[in-house]
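Pasting model06.txt here (compact mmCIF, N, CA and C atoms):
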```txt
# COMPACT_ATOMS: atom_id res chain seq x y z
N MET A 12 -10.45 5.58 -2.73
CA MET A 12 -9.92 6.66 -1.94
C MET A 12 -8.41 6.61 -1.83
N ILE A 13 -7.84 5.47 -2.20
CA ILE A 13 -6.39 5.40 -2.26
C ILE A 13 -6.00 5.05 -3.69
N SER A 14 -4.78 5.35 -4.04
CA SER A 14 -4.32 5.12 -5.41
C SER A 14 -4.16 3.63 -5.70
N ARG A 15 -4.07 3.32 -6.96
CA ARG A 15 -3.85 1.94 -7.39
C ARG A 15 -2.51 1.44 -6.84
N SER A 16 -1.49 2.28 -6.88
CA SER A 16 -0.18 1.88 -6.35
C SER A 16 -0.28 1.50 -4.88
N ALA A 17 -0.98 2.31 -4.10
CA ALA A 17 -1.14 2.02 -2.67
C ALA A 17 -1.91 0.73 -2.46
N SER A 18 -2.93 0.51 -3.26
CA SER A 18 -3.70 -0.73 -3.17
C SER A 18 -2.82 -1.94 -3.49
N TYR A 19 -2.01 -1.83 -4.53
CA TYR A 19 -1.08 -2.92 -4.88
C TYR A 19 -0.08 -3.17 -3.75
N ALA A 20 0.36 -2.11 -3.12
CA ALA A 20 1.31 -2.25 -2.02
C ALA A 20 0.68 -3.00 -0.86
N ILE A 21 -0.55 -2.67 -0.53
CA ILE A 21 -1.24 -3.35 0.57
C ILE A 21 -1.43 -4.83 0.23
N ARG A 22 -1.87 -5.11 -0.99
CA ARG A 22 -2.06 -6.50 -1.40
C ARG A 22 -0.76 -7.29 -1.34
N SER A 23 0.32 -6.67 -1.76
CA SER A 23 1.62 -7.34 -1.76
C SER A 23 2.11 -7.64 -0.35
N LEU A 24 2.00 -6.66 0.54
CA LEU A 24 2.44 -6.88 1.91
C LEU A 24 1.55 -7.89 2.61
N SER A 25 0.27 -7.86 2.31
CA SER A 25 -0.65 -8.84 2.87
C SER A 25 -0.24 -10.25 2.46
N PHE A 26 0.12 -10.43 1.20
CA PHE A 26 0.59 -11.74 0.74
C PHE A 26 1.87 -12.14 1.47
N LEU A 27 2.81 -11.21 1.62
CA LEU A 27 4.07 -11.52 2.28
C LEU A 27 3.86 -11.85 3.76
N THR A 28 2.79 -11.36 4.34
CA THR A 28 2.47 -11.63 5.74
C THR A 28 1.90 -13.03 5.92
N SER A 29 1.39 -13.62 4.84
CA SER A 29 0.71 -14.91 4.95
C SER A 29 1.64 -16.05 5.34
N SER A 30 2.94 -15.87 5.24
CA SER A 30 3.91 -16.89 5.66
C SER A 30 4.63 -16.40 6.91
N PRO A 31 4.41 -17.04 8.05
CA PRO A 31 5.00 -16.54 9.29
C PRO A 31 6.52 -16.58 9.34
N ASP A 32 7.16 -17.42 8.51
CA ASP A 32 8.62 -17.52 8.56
C ASP A 32 9.32 -16.48 7.68
N ARG A 33 8.56 -15.57 7.07
CA ARG A 33 9.09 -14.47 6.26
C ARG A 33 10.07 -14.93 5.18
N PRO A 34 9.67 -15.84 4.31
CA PRO A 34 10.59 -16.28 3.26
C PRO A 34 10.78 -15.20 2.20
N TRP A 35 11.89 -15.31 1.48
CA TRP A 35 12.12 -14.42 0.34
C TRP A 35 11.16 -14.85 -0.77
N ARG A 36 10.50 -13.89 -1.40
CA ARG A 36 9.55 -14.17 -2.48
C ARG A 36 9.95 -13.39 -3.72
N LEU A 37 9.92 -14.07 -4.85
CA LEU A 37 10.22 -13.41 -6.12
C LEU A 37 9.10 -12.48 -6.52
N ARG A 38 9.44 -11.46 -7.26
CA ARG A 38 8.44 -10.50 -7.75
C ARG A 38 7.34 -11.24 -8.52
N ARG A 39 7.74 -12.19 -9.35
CA ARG A 39 6.77 -12.95 -10.15
C ARG A 39 5.79 -13.72 -9.25
N THR A 40 6.29 -14.30 -8.17
CA THR A 40 5.45 -15.04 -7.23
C THR A 40 4.44 -14.10 -6.58
N ILE A 41 4.90 -12.93 -6.18
CA ILE A 41 4.02 -11.94 -5.56
C ILE A 41 2.97 -11.48 -6.58
N ALA A 42 3.40 -11.22 -7.80
CA ALA A 42 2.48 -10.79 -8.85
C ALA A 42 1.41 -11.85 -9.11
N ASP A 43 1.83 -13.10 -9.22
CA ASP A 43 0.88 -14.19 -9.47
C ASP A 43 -0.13 -14.34 -8.33
N ALA A 44 0.35 -14.20 -7.09
CA ALA A 44 -0.51 -14.38 -5.93
C ALA A 44 -1.48 -13.22 -5.71
N THR A 45 -1.12 -12.03 -6.19
CA THR A 45 -1.93 -10.85 -5.92
C THR A 45 -2.69 -10.33 -7.13
N GLY A 46 -2.33 -10.81 -8.32
CA GLY A 46 -2.98 -10.32 -9.53
C GLY A 46 -2.47 -8.97 -9.98
N VAL A 47 -1.34 -8.54 -9.46
CA VAL A 47 -0.75 -7.24 -9.81
C VAL A 47 0.17 -7.43 -11.02
N PRO A 48 0.07 -6.57 -12.03
CA PRO A 48 0.97 -6.68 -13.18
C PRO A 48 2.44 -6.60 -12.73
N PRO A 49 3.29 -7.56 -13.13
CA PRO A 49 4.67 -7.61 -12.65
C PRO A 49 5.47 -6.34 -12.90
N SER A 50 5.30 -5.70 -14.05
CA SER A 50 6.08 -4.49 -14.32
C SER A 50 5.70 -3.36 -13.36
N PHE A 51 4.43 -3.23 -13.07
CA PHE A 51 3.96 -2.21 -12.13
C PHE A 51 4.40 -2.58 -10.72
N LEU A 52 4.32 -3.86 -10.40
CA LEU A 52 4.67 -4.33 -9.06
C LEU A 52 6.12 -4.02 -8.72
N GLY A 53 7.02 -4.16 -9.69
CA GLY A 53 8.43 -3.88 -9.44
C GLY A 53 8.64 -2.48 -8.89
N LYS A 54 7.96 -1.51 -9.45
CA LYS A 54 8.08 -0.12 -8.99
C LYS A 54 7.52 0.03 -7.58
N VAL A 55 6.39 -0.60 -7.33
CA VAL A 55 5.77 -0.53 -6.01
C VAL A 55 6.69 -1.16 -4.96
N LEU A 56 7.23 -2.33 -5.26
CA LEU A 56 8.09 -3.02 -4.30
C LEU A 56 9.36 -2.22 -4.02
N GLN A 57 9.94 -1.61 -5.04
CA GLN A 57 11.15 -0.80 -4.83
C GLN A 57 10.86 0.41 -3.94
N THR A 58 9.67 0.99 -4.10
CA THR A 58 9.28 2.10 -3.23
C THR A 58 9.18 1.63 -1.78
N LEU A 59 8.62 0.45 -1.57
CA LEU A 59 8.49 -0.10 -0.22
C LEU A 59 9.85 -0.45 0.38
N VAL A 60 10.78 -0.87 -0.46
CA VAL A 60 12.16 -1.11 0.00
C VAL A 60 12.78 0.21 0.45
N ALA A 61 12.63 1.24 -0.37
CA ALA A 61 13.19 2.56 -0.04
C ALA A 61 12.61 3.11 1.26
N GLU A 62 11.36 2.75 1.57
CA GLU A 62 10.72 3.22 2.80
C GLU A 62 11.06 2.35 4.01
N GLY A 63 11.81 1.27 3.79
CA GLY A 63 12.19 0.40 4.89
C GLY A 63 11.12 -0.59 5.32
N LEU A 64 10.10 -0.77 4.49
CA LEU A 64 9.03 -1.73 4.81
C LEU A 64 9.35 -3.12 4.29
N LEU A 65 10.15 -3.19 3.24
CA LEU A 65 10.58 -4.45 2.66
C LEU A 65 12.10 -4.49 2.59
N GLU A 66 12.62 -5.71 2.55
CA GLU A 66 14.02 -5.95 2.24
C GLU A 66 14.06 -6.60 0.87
N SER A 67 15.12 -6.35 0.14
CA SER A 67 15.28 -7.03 -1.14
C SER A 67 16.68 -7.61 -1.21
N ARG A 68 16.77 -8.70 -1.94
CA ARG A 68 18.06 -9.37 -2.11
C ARG A 68 18.10 -9.93 -3.52
N ARG A 69 19.19 -9.66 -4.20
CA ARG A 69 19.38 -10.16 -5.57
C ARG A 69 19.96 -11.56 -5.54
N GLY A 70 19.80 -12.22 -6.66
CA GLY A 70 20.45 -13.51 -6.84
C GLY A 70 19.64 -14.68 -6.36
N ARG A 71 20.26 -15.82 -6.44
CA ARG A 71 19.61 -17.08 -6.07
C ARG A 71 19.15 -17.03 -4.61
N GLY A 72 17.92 -17.40 -4.38
CA GLY A 72 17.37 -17.36 -3.03
C GLY A 72 16.95 -15.98 -2.59
N GLY A 73 16.99 -15.03 -3.51
CA GLY A 73 16.63 -13.65 -3.17
C GLY A 73 15.18 -13.35 -3.45
N GLY A 74 14.89 -12.09 -3.49
CA GLY A 74 13.53 -11.61 -3.74
C GLY A 74 13.21 -10.50 -2.77
N PHE A 75 11.99 -10.55 -2.23
CA PHE A 75 11.51 -9.54 -1.30
C PHE A 75 10.92 -10.21 -0.07
N ARG A 76 11.04 -9.53 1.06
CA ARG A 76 10.37 -9.99 2.28
C ARG A 76 10.15 -8.78 3.19
N LEU A 77 9.28 -8.97 4.18
CA LEU A 77 9.00 -7.90 5.11
C LEU A 77 10.25 -7.54 5.90
N ALA A 78 10.45 -6.27 6.14
CA ALA A 78 11.60 -5.80 6.90
C ALA A 78 11.31 -5.75 8.39
N ARG A 79 10.01 -5.72 8.74
CA ARG A 79 9.61 -5.62 10.15
C ARG A 79 8.43 -6.55 10.40
N ASP A 80 8.12 -6.71 11.64
CA ASP A 80 6.95 -7.47 12.06
C ASP A 80 5.71 -6.81 11.46
N PRO A 81 4.81 -7.56 10.81
CA PRO A 81 3.63 -6.96 10.19
C PRO A 81 2.70 -6.25 11.17
N ARG A 82 2.81 -6.58 12.46
CA ARG A 82 1.99 -5.90 13.46
C ARG A 82 2.52 -4.50 13.76
N GLN A 83 3.73 -4.20 13.26
CA GLN A 83 4.34 -2.88 13.47
C GLN A 83 4.26 -2.01 12.22
N ILE A 84 3.63 -2.50 11.17
CA ILE A 84 3.51 -1.73 9.93
C ILE A 84 2.05 -1.36 9.75
N THR A 85 1.74 -0.07 9.86
CA THR A 85 0.36 0.35 9.67
C THR A 85 0.07 0.53 8.18
N LEU A 86 -1.20 0.48 7.83
CA LEU A 86 -1.55 0.74 6.44
C LEU A 86 -1.21 2.17 6.04
N LEU A 87 -1.18 3.08 7.00
CA LEU A 87 -0.76 4.44 6.69
C LEU A 87 0.71 4.45 6.29
N ASP A 88 1.55 3.64 6.94
CA ASP A 88 2.96 3.52 6.55
C ASP A 88 3.07 3.04 5.10
N VAL A 89 2.20 2.13 4.72
CA VAL A 89 2.24 1.54 3.37
C VAL A 89 1.73 2.51 2.32
N VAL A 90 0.66 3.21 2.63
CA VAL A 90 0.00 4.10 1.68
C VAL A 90 0.73 5.43 1.51
N GLU A 91 1.34 5.89 2.56
CA GLU A 91 1.95 7.23 2.58
C GLU A 91 2.93 7.51 1.44
N PRO A 92 3.84 6.60 1.09
CA PRO A 92 4.77 6.92 0.00
C PRO A 92 4.08 7.16 -1.35
N PHE A 93 2.88 6.66 -1.50
CA PHE A 93 2.16 6.79 -2.76
C PHE A 93 1.14 7.93 -2.74
N ASP A 94 0.47 8.11 -1.60
CA ASP A 94 -0.65 9.05 -1.55
C ASP A 94 -0.44 10.26 -0.65
N HIS A 95 0.59 10.28 0.15
CA HIS A 95 1.00 11.46 0.94
C HIS A 95 -0.13 12.01 1.81
N PHE A 96 -0.76 11.16 2.61
CA PHE A 96 -1.82 11.61 3.51
C PHE A 96 -1.31 12.39 4.70
N ARG A 97 -0.08 12.15 5.12
CA ARG A 97 0.43 12.83 6.31
C ARG A 97 0.71 14.31 6.05
N SER A 98 1.08 14.62 4.83
CA SER A 98 1.30 16.02 4.50
C SER A 98 -0.06 16.67 4.23
N GLU A 99 -0.07 17.95 4.05
CA GLU A 99 -1.34 18.64 3.77
C GLU A 99 -1.97 18.00 2.53
N PRO A 100 -3.20 17.59 2.64
CA PRO A 100 -3.84 16.87 1.54
C PRO A 100 -4.07 17.73 0.30
N ARG A 101 -4.02 17.04 -0.83
CA ARG A 101 -4.36 17.73 -2.07
C ARG A 101 -5.85 18.00 -2.10
N CYS A 102 -6.20 19.02 -2.80
CA CYS A 102 -7.60 19.40 -2.94
C CYS A 102 -8.34 18.35 -3.77
N LEU A 103 -9.53 17.98 -3.34
CA LEU A 103 -10.33 17.02 -4.07
C LEU A 103 -10.66 17.52 -5.47
N LEU A 104 -10.74 18.84 -5.63
CA LEU A 104 -11.00 19.45 -6.94
C LEU A 104 -9.71 19.82 -7.66
N ASP A 105 -8.58 19.43 -7.06
CA ASP A 105 -7.24 19.65 -7.62
C ASP A 105 -6.86 21.12 -7.73
N ARG A 106 -7.39 21.94 -6.82
CA ARG A 106 -6.97 23.34 -6.77
C ARG A 106 -5.57 23.41 -6.17
N PRO A 107 -4.73 24.31 -6.68
CA PRO A 107 -3.36 24.40 -6.16
C PRO A 107 -3.29 24.82 -4.70
N SER A 108 -4.25 25.61 -4.24
CA SER A 108 -4.25 25.99 -2.83
C SER A 108 -5.66 25.84 -2.28
N CYS A 109 -5.79 24.96 -1.32
CA CYS A 109 -7.08 24.70 -0.68
C CYS A 109 -6.78 24.45 0.79
N SER A 110 -7.30 25.29 1.65
CA SER A 110 -7.04 25.18 3.08
C SER A 110 -8.24 25.72 3.83
N HIS A 111 -8.15 25.70 5.15
CA HIS A 111 -9.23 26.28 5.95
C HIS A 111 -9.38 27.77 5.65
N ALA A 112 -8.25 28.43 5.37
CA ALA A 112 -8.29 29.87 5.08
C ALA A 112 -8.84 30.17 3.69
N ALA A 113 -8.58 29.28 2.74
CA ALA A 113 -9.05 29.48 1.37
C ALA A 113 -9.62 28.15 0.84
N PRO A 114 -10.77 27.74 1.37
CA PRO A 114 -11.30 26.43 1.02
C PRO A 114 -11.98 26.39 -0.34
N CYS A 115 -11.94 25.19 -0.95
CA CYS A 115 -12.73 24.98 -2.16
C CYS A 115 -14.17 24.67 -1.73
N SER A 116 -15.03 24.49 -2.66
CA SER A 116 -16.44 24.27 -2.33
C SER A 116 -16.71 22.92 -1.66
N LEU A 117 -15.78 21.97 -1.75
CA LEU A 117 -15.95 20.66 -1.12
C LEU A 117 -15.11 20.46 0.14
N HIS A 118 -14.32 21.46 0.50
CA HIS A 118 -13.37 21.32 1.60
C HIS A 118 -14.05 20.89 2.90
N ALA A 119 -15.12 21.54 3.29
CA ALA A 119 -15.79 21.25 4.55
C ALA A 119 -16.34 19.82 4.59
N GLN A 120 -16.82 19.33 3.47
CA GLN A 120 -17.36 17.97 3.42
C GLN A 120 -16.24 16.92 3.31
N TRP A 121 -15.19 17.23 2.59
CA TRP A 121 -14.13 16.27 2.32
C TRP A 121 -13.19 16.07 3.50
N ARG A 122 -12.87 17.11 4.23
CA ARG A 122 -11.88 17.03 5.30
C ARG A 122 -12.23 15.98 6.36
N PRO A 123 -13.46 15.91 6.87
CA PRO A 123 -13.77 14.86 7.85
C PRO A 123 -13.66 13.45 7.28
N VAL A 124 -14.01 13.28 6.00
CA VAL A 124 -13.89 11.97 5.36
C VAL A 124 -12.42 11.58 5.28
N ARG A 125 -11.59 12.51 4.85
CA ARG A 125 -10.15 12.26 4.76
C ARG A 125 -9.56 11.95 6.12
N ASP A 126 -9.95 12.70 7.14
CA ASP A 126 -9.44 12.47 8.49
C ASP A 126 -9.84 11.09 9.01
N THR A 127 -11.06 10.66 8.71
CA THR A 127 -11.53 9.33 9.11
C THR A 127 -10.72 8.25 8.40
N LEU A 128 -10.47 8.44 7.12
CA LEU A 128 -9.67 7.48 6.35
C LEU A 128 -8.26 7.39 6.92
N VAL A 129 -7.63 8.50 7.18
CA VAL A 129 -6.26 8.51 7.72
C VAL A 129 -6.23 7.80 9.07
N GLN A 130 -7.22 8.03 9.92
CA GLN A 130 -7.26 7.37 11.23
C GLN A 130 -7.43 5.86 11.07
N ALA A 131 -8.28 5.44 10.14
CA ALA A 131 -8.48 4.00 9.90
C ALA A 131 -7.20 3.36 9.38
N LEU A 132 -6.49 4.04 8.49
CA LEU A 132 -5.22 3.52 7.97
C LEU A 132 -4.18 3.43 9.09
N HIS A 133 -4.19 4.40 9.98
CA HIS A 133 -3.26 4.42 11.11
C HIS A 133 -3.56 3.30 12.10
N ASP A 134 -4.83 2.98 12.29
CA ASP A 134 -5.25 1.99 13.28
C ASP A 134 -5.19 0.55 12.78
N THR A 135 -4.95 0.35 11.50
CA THR A 135 -4.94 -0.99 10.90
C THR A 135 -3.51 -1.35 10.52
N THR A 136 -3.09 -2.55 10.90
CA THR A 136 -1.74 -3.00 10.53
C THR A 136 -1.82 -3.97 9.36
N VAL A 137 -0.69 -4.22 8.76
CA VAL A 137 -0.61 -5.20 7.67
C VAL A 137 -1.05 -6.57 8.18
N ALA A 138 -0.76 -6.88 9.43
CA ALA A 138 -1.18 -8.17 10.00
C ALA A 138 -2.69 -8.30 10.07
N ASP A 139 -3.41 -7.18 10.08
CA ASP A 139 -4.88 -7.21 10.14
C ASP A 139 -5.53 -7.50 8.79
N VAL A 140 -4.75 -7.46 7.72
CA VAL A 140 -5.29 -7.61 6.37
C VAL A 140 -5.02 -9.03 5.88
N PRO A 141 -6.07 -9.84 5.79
CA PRO A 141 -5.84 -11.22 5.34
C PRO A 141 -5.49 -11.26 3.85
N ALA A 142 -4.57 -12.15 3.51
CA ALA A 142 -4.22 -12.33 2.10
C ALA A 142 -5.33 -13.11 1.43
N GLU A 143 -5.70 -12.68 0.24
CA GLU A 143 -6.72 -13.37 -0.54
C GLU A 143 -6.17 -13.68 -1.91
N PRO A 144 -6.48 -14.86 -2.44
CA PRO A 144 -6.08 -15.12 -3.82
C PRO A 144 -6.82 -14.16 -4.74
N PRO A 145 -6.25 -13.83 -5.88
CA PRO A 145 -6.88 -12.85 -6.77
C PRO A 145 -8.34 -13.18 -7.09
N THR A 146 -8.65 -14.44 -7.30
CA THR A 146 -10.03 -14.78 -7.66
C THR A 146 -10.98 -14.53 -6.51
N ALA A 147 -10.56 -14.77 -5.27
CA ALA A 147 -11.41 -14.52 -4.11
C ALA A 147 -11.66 -13.03 -3.92
N ALA A 148 -10.70 -12.23 -4.32
CA ALA A 148 -10.83 -10.77 -4.18
C ALA A 148 -11.54 -10.16 -5.39
N GLY A 149 -11.95 -11.00 -6.34
CA GLY A 149 -12.62 -10.48 -7.53
C GLY A 149 -11.68 -9.89 -8.54
N LEU A 150 -10.41 -10.26 -8.48
CA LEU A 150 -9.40 -9.71 -9.38
C LEU A 150 -9.16 -10.67 -10.52
N PRO A 151 -8.75 -10.14 -11.66
CA PRO A 151 -8.44 -11.04 -12.78
C PRO A 151 -7.20 -11.88 -12.47
N VAL A 152 -7.22 -13.09 -12.95
CA VAL A 152 -6.07 -13.98 -12.77
C VAL A 152 -5.22 -13.90 -14.02
N ARG A 153 -3.94 -13.62 -13.84
CA ARG A 153 -3.03 -13.54 -14.98
C ARG A 153 -2.66 -14.94 -15.44
N ARG A 154 -2.58 -15.15 -16.70
CA ARG A 154 -2.17 -16.45 -17.25
C ARG A 154 -0.90 -16.29 -18.02
```
Can the structure in the file be given as structure tokens, please?
Amino acid sequence: MISRSASYAIRSLSFLTSSPDRPWRLRRTIADATGVPPSFLGKVLQTLVAEGLLESRRGRGGGFRLARDPRQITLLDVVEPFDHFRSEPRCLLDRPSCSHAAPCSLHAQWRPVRDTLVQALHDTTVADVPAEPPTAAGLPVRR
């Protein structure tokens, strides 16, 4: 129900939350810990920096870290830059215009599901998501 980018973002922030002292972490370290391809991860992390959820620092001792307390970052904050749930949702059938006034055939069934998902994302913080090693989450381990 969420994009791959949003899923990678949640996994990355969850990993960064696992250390209470908020150390700087290299992209490669985050990729290894989460099973996310490093090239894809770079784009995801830069989006999170632009949204103010992460800080980044170049050079020795640099990398990425959380910009705020993980209890103040909702999963909706993390997912929104990738999936745009706060704005009018895209049609499940990808129709250019789908609304209450001009609904598609799935609008009535899909809208409550979407609203429930958005509420769950809003009610869950990054601190609520435990970090899991890729193998525990059923993800492939990069070598």
### Query
Leaving out Leu24 (chain A) and any residue of its chain fewer than 5 positions from it, which residues lie within 8 Å of it when counting all atoms listed in the file, given as a ChimeraX atom specification?
/A:18-19,29,77,81,137-138,140-142
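Proximity of A:Ile13, A:Gln83, A:Ala61, A:Trp121 to Leu103 (chain A), computed with all atoms listed in the file, is greatest for A:Trp121.
Of all the residues in region 34-135 of chain A, the ones DSSP labels as strand (DSSP E or B) from the backbone are Arg36, Leu65, Glu66, Ser67, Arg68, Gly74, Phe75, Arg76, Leu77 and Thr85 of chain A.
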#### Entry: Test item, helix (DSSP H, G or I) assignment across region 12-140 of chain A, answer as number ranges by chain
A: 15-28, 38-45, 49-61, 81-83, 86-94, 118-134, 137-139
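Taking only C-alpha atoms, the non-local environment of His118 (chain A) within 10 Å (same-chain residues fewer than 4 positions away omitted) comprises Cys102, Leu103, Leu104, Cys109, Ser110, His111, Ala113, Pro114, Arg122 and Pro123 of chain A.
What separates atom C of Trp35 (chain A) from atom C of Arg76 (chain A) is a distance of 7.3 Å.
One distance worth recording is that between CA of Asp94 (chain A) and CA of Ser14 (chain A), which is 6.6 Å.
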Exercise: Ala17 (chain A) partners within 8 Å, only N, CA and C atoms, chain neighbours under 2 positions left out, as a compact mmCIF listing (two decimals) with N, CA and C atoms, in the frame of the given file:
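In the end it all went to selection03.txt:
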```txt
# COMPACT_ATOMS: atom_id res chain seq x y z
N ILE A 13 -7.84 5.47 -2.20
CA ILE A 13 -6.39 5.40 -2.26
C ILE A 13 -6.00 5.05 -3.69
N SER A 14 -4.78 5.35 -4.04
CA SER A 14 -4.32 5.12 -5.41
C SER A 14 -4.16 3.63 -5.70
N ARG A 15 -4.07 3.32 -6.96
CA ARG A 15 -3.85 1.94 -7.39
C ARG A 15 -2.51 1.44 -6.84
N TYR A 19 -2.01 -1.83 -4.53
CA TYR A 19 -1.08 -2.92 -4.88
C TYR A 19 -0.08 -3.17 -3.75
N ALA A 20 0.36 -2.11 -3.12
CA ALA A 20 1.31 -2.25 -2.02
C ALA A 20 0.68 -3.00 -0.86
N ILE A 21 -0.55 -2.67 -0.53
CA ILE A 21 -1.24 -3.35 0.57
C ILE A 21 -1.43 -4.83 0.23
N ARG A 22 -1.87 -5.11 -0.99
CA ARG A 22 -2.06 -6.50 -1.40
C ARG A 22 -0.76 -7.29 -1.34
N SER A 23 0.32 -6.67 -1.76
CA SER A 23 1.62 -7.34 -1.76
C SER A 23 2.11 -7.64 -0.35
N VAL A 55 6.39 -0.60 -7.33
CA VAL A 55 5.77 -0.53 -6.01
C VAL A 55 6.69 -1.16 -4.96
N VAL A 89 2.20 2.13 4.72
CA VAL A 89 2.24 1.54 3.37
C VAL A 89 1.73 2.51 2.32
N VAL A 90 0.66 3.21 2.63
CA VAL A 90 0.00 4.10 1.68
C VAL A 90 0.73 5.43 1.51
N GLU A 91 1.34 5.89 2.56
CA GLU A 91 1.95 7.23 2.58
C GLU A 91 2.93 7.51 1.44
N PRO A 92 3.84 6.60 1.09
CA PRO A 92 4.77 6.92 0.00
C PRO A 92 4.08 7.16 -1.35
N PHE A 93 2.88 6.66 -1.50
CA PHE A 93 2.16 6.79 -2.76
C PHE A 93 1.14 7.93 -2.74
N ASP A 94 0.47 8.11 -1.60
CA ASP A 94 -0.65 9.05 -1.55
C ASP A 94 -0.44 10.26 -0.65
```
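Counting all atoms listed in the file, the residue from A:Thr135, A:Ser116, A:Ser16, A:Ser25 that sits nearest to Thr85 (chain A) is A:Thr135.
Shortest atom-to-atom contact with Leu37 (chain A) among A:Gly73, A:Leu64, A:Met12, A:Leu52: A:Gly73, counting all atoms listed in the file.
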### Query
Which residues, written as a PyMOL selection string, have at least one atom at most 7 Å from Leu86 (chain A), with only N, CA and C atoms counted and residues fewer than 6 positions away on the same chain left out?
chain A and resi 131-137
### Query
How far is it from CA of Lys54 (chain A) to CA of Ser30 (chain A), in Å with one decimal?
22.7 Å
